[in-house]
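Peer 1: Supplied in structure tokens, the structure appears directly below.
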Amino acid sequence: MIYLDHNATTQPAPAVVQAMLQQMSSTWANTSSQHGPGQDAKRALGAARAVVARVLGCKPVEVVFTSGATESNQMAVRGLLAAAEPVRRRVLFSRVEHSAHLKLARALAESGVQVDWLPVRADGTLDVAAAAALMGPDVALVSLMAANNETGVLMPYEAVAQLAQNVGARMHVDATQLIGKLPFDFAASGADAVSLSAHKFHGPKGVGALLLRQGTAFVPPTPGSQERGRRGGTENLPAIVGMAAALERLGDLEQQAARIAQLRDALEAGLQQALPATHVWSQQVARLPGTSYLRFGQLSVDVVLQRLDTLGVAASSGAACSSGGSEPSHVLKAMGVPADEALAAVRFSLGSDTTHGDVGYLLNKLPPLLAPLLREETTTPSTTESP
């Protein structure tokens, strides 16, 4: 199997599995217990926290362990909003946030919070001028992803953080897709809160973190005695140790990103040469190194994914959490892409374990399968009505 769906999840690295197994067999006690085994577990938790802080450029006290990015996002927005001054009851989200985050935005709106939307341009980039125009003294916080999970487009979160700071608002960054793919430094980000999830960088599923800047006013949505009172519940120590091991093994991300970007560019160029009907979204703007979001004419994504499956290639129709539905991507909709084109969207997301051989195999095998279908598409009158 050639795995080209790294934006959805990644395989746990051997070092991660080994670290988790060792932890479960040696320091398995509750970190809140006062006896010897409990204190051993507490020290293991502290060591993992120190690793996360060192790699991500924050203080250990600023690391709050969670079950993953969705929880971290919810905690950040609800906790920062609850701590905001009463006059600040407006929250800004971009229109291309993860689908789970958009559900939170809708829930807030239904509860009486004013939600305004940061627009994106046709190439998927954020309209910073429009974002600046939406800022004001009634804004409690801005929540923006660092990189889009579908297009891979990098968002100017540092510039938006400065805009938020100028009006006294808080800034939350969903860095789920960025961390592990490109260098990230919390101290320099300008953000008050940052979300991440371990399974995006070869760590285990079910664990993540919220980086919360020290001194930031915050009301815990799930209070408890753990995590300095910011998140109740016994810490998932095996998974936390696994996440720390995954971060510690990342290595030189700039060098790795350059290699993966070369593979992505070779893949796109090869497909566009062999199949001229190939269209790549956001190809000319700054993207994650391994993300390629494209369509082959208007071939149904289900048809393309079926052909890929017969070749032993794993890809997706976009966000894993919303794949399989008949609705076009909300990201492409926000970019102004027609529904019939959006329904043809295929996402390849390469990773650190992707090779030249993987790309060569796909370029050799896929075009012969799709070319006849594309010829048929151009000679058969369309009966599809625009929604």
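Quick note on naming: the chains in the structure tokens go A, B, ... in the order shown, residues restart at 1 in each chain, and ligands are numbered from 1 in order of appearance.
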If we count only C-alpha atoms and set the cut-off at 10 Å, which residues sit around Ser225 of chain A, ignoring sequence neighbours fewer than 6 positions away in its own chain? Please answer as an MDAnalysis selection string.
Peer 2: chainID A and resid 32 231:234
Peer 1: So that I can see what lies close to Leu362 of chain A, please list as number ranges by chain the residues with an atom at most 9 Å from it, counting only C-alpha atoms and leaving out residues fewer than 5 positions away in the same chain.
Peer 2: A: 2, 267, 308, 311, 313, 357, 367
Peer 1: Selection from above, C-alpha atoms, as a PDB file, in the first residue's frame, can you write it?
Peer 2:
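Output below, filename result-v7.pdb:
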```
ATOM      1  CA  ILE A   2       1.226   3.483  -0.945  1.00  0.00           C
ATOM      2  CA  LEU A 267       3.549  14.478  -8.750  1.00  0.00           C
ATOM      3  CA  LEU A 308      -6.575   4.438  -6.786  1.00  0.00           C
ATOM      4  CA  LEU A 311      -3.638   0.365  -7.516  1.00  0.00           C
ATOM      5  CA  VAL A 313      -2.886   3.832  -3.263  1.00  0.00           C
ATOM      6  CA  GLY A 357       9.272   5.337  -6.028  1.00  0.00           C
ATOM      7  CA  PRO A 367      -3.015   8.131 -16.029  1.00  0.00           C
TER       8      PRO A 367
END
```
Peer 1: Hey, what's within 7 Å of segment 148-154 of chain A if we count only C-alpha atoms and toss same-chain stuff fewer than 6 positions away? As a ChimeraX atom specification, please?
Peer 2: /A:7,124-125,177,281-282,286-288,291-293,318-319,347
Peer 1: Name all residues at most 9 Å from Ser300 of chain A (count only C-alpha atoms; drop same-chain ones fewer than 6 positions away) and give them as a PDB file with N, CA and C atoms, in the first residue's frame.
Peer 2:
```
ATOM      1  N   ASP A 340     -20.012  21.268  -9.018  1.00  0.00           N
ATOM      2  CA  ASP A 340     -19.657  20.100  -9.813  1.00  0.00           C
ATOM      3  C   ASP A 340     -18.144  19.874  -9.833  1.00  0.00           C
ATOM      4  N   GLU A 341     -17.372  20.953  -9.770  1.00  0.00           N
ATOM      5  CA  GLU A 341     -15.921  20.809  -9.706  1.00  0.00           C
ATOM      6  C   GLU A 341     -15.478  20.382  -8.304  1.00  0.00           C
ATOM      7  N   LEU A 343     -17.065  18.554  -6.244  1.00  0.00           N
ATOM      8  CA  LEU A 343     -17.391  17.144  -6.026  1.00  0.00           C
ATOM      9  C   LEU A 343     -16.397  16.210  -6.696  1.00  0.00           C
ATOM     10  N   ALA A 344     -15.474  16.774  -7.468  1.00  0.00           N
ATOM     11  CA  ALA A 344     -14.427  15.973  -8.102  1.00  0.00           C
ATOM     12  C   ALA A 344     -13.105  16.052  -7.336  1.00  0.00           C
ATOM     13  N   ALA A 345     -13.096  16.709  -6.179  1.00  0.00           N
ATOM     14  CA  ALA A 345     -11.853  16.990  -5.461  1.00  0.00           C
ATOM     15  C   ALA A 345     -11.216  15.735  -4.879  1.00  0.00           C
TER      16      ALA A 345
END
```
Peer 1: Could you list, as a list in words, every residue within 10 Å of Val61 of chain A, counting only C-alpha atoms and ignoring same-chain residues fewer than 4 positions away?
Peer 2: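 These residues fall inside the cut-off: Gly46, Arg49, Ala50, Ala53, Leu211, Leu212, Arg213, Gln214, Glu227 and Arg228 of chain A.
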Peer 1: Just asking: which residues within segment 151-217 of chain A are strand (DSSP E or B) according to DSSP, as a PyMOL selection string?
Peer 2: chain A and resi 153-154+170-174+179+182+193-197+208-212
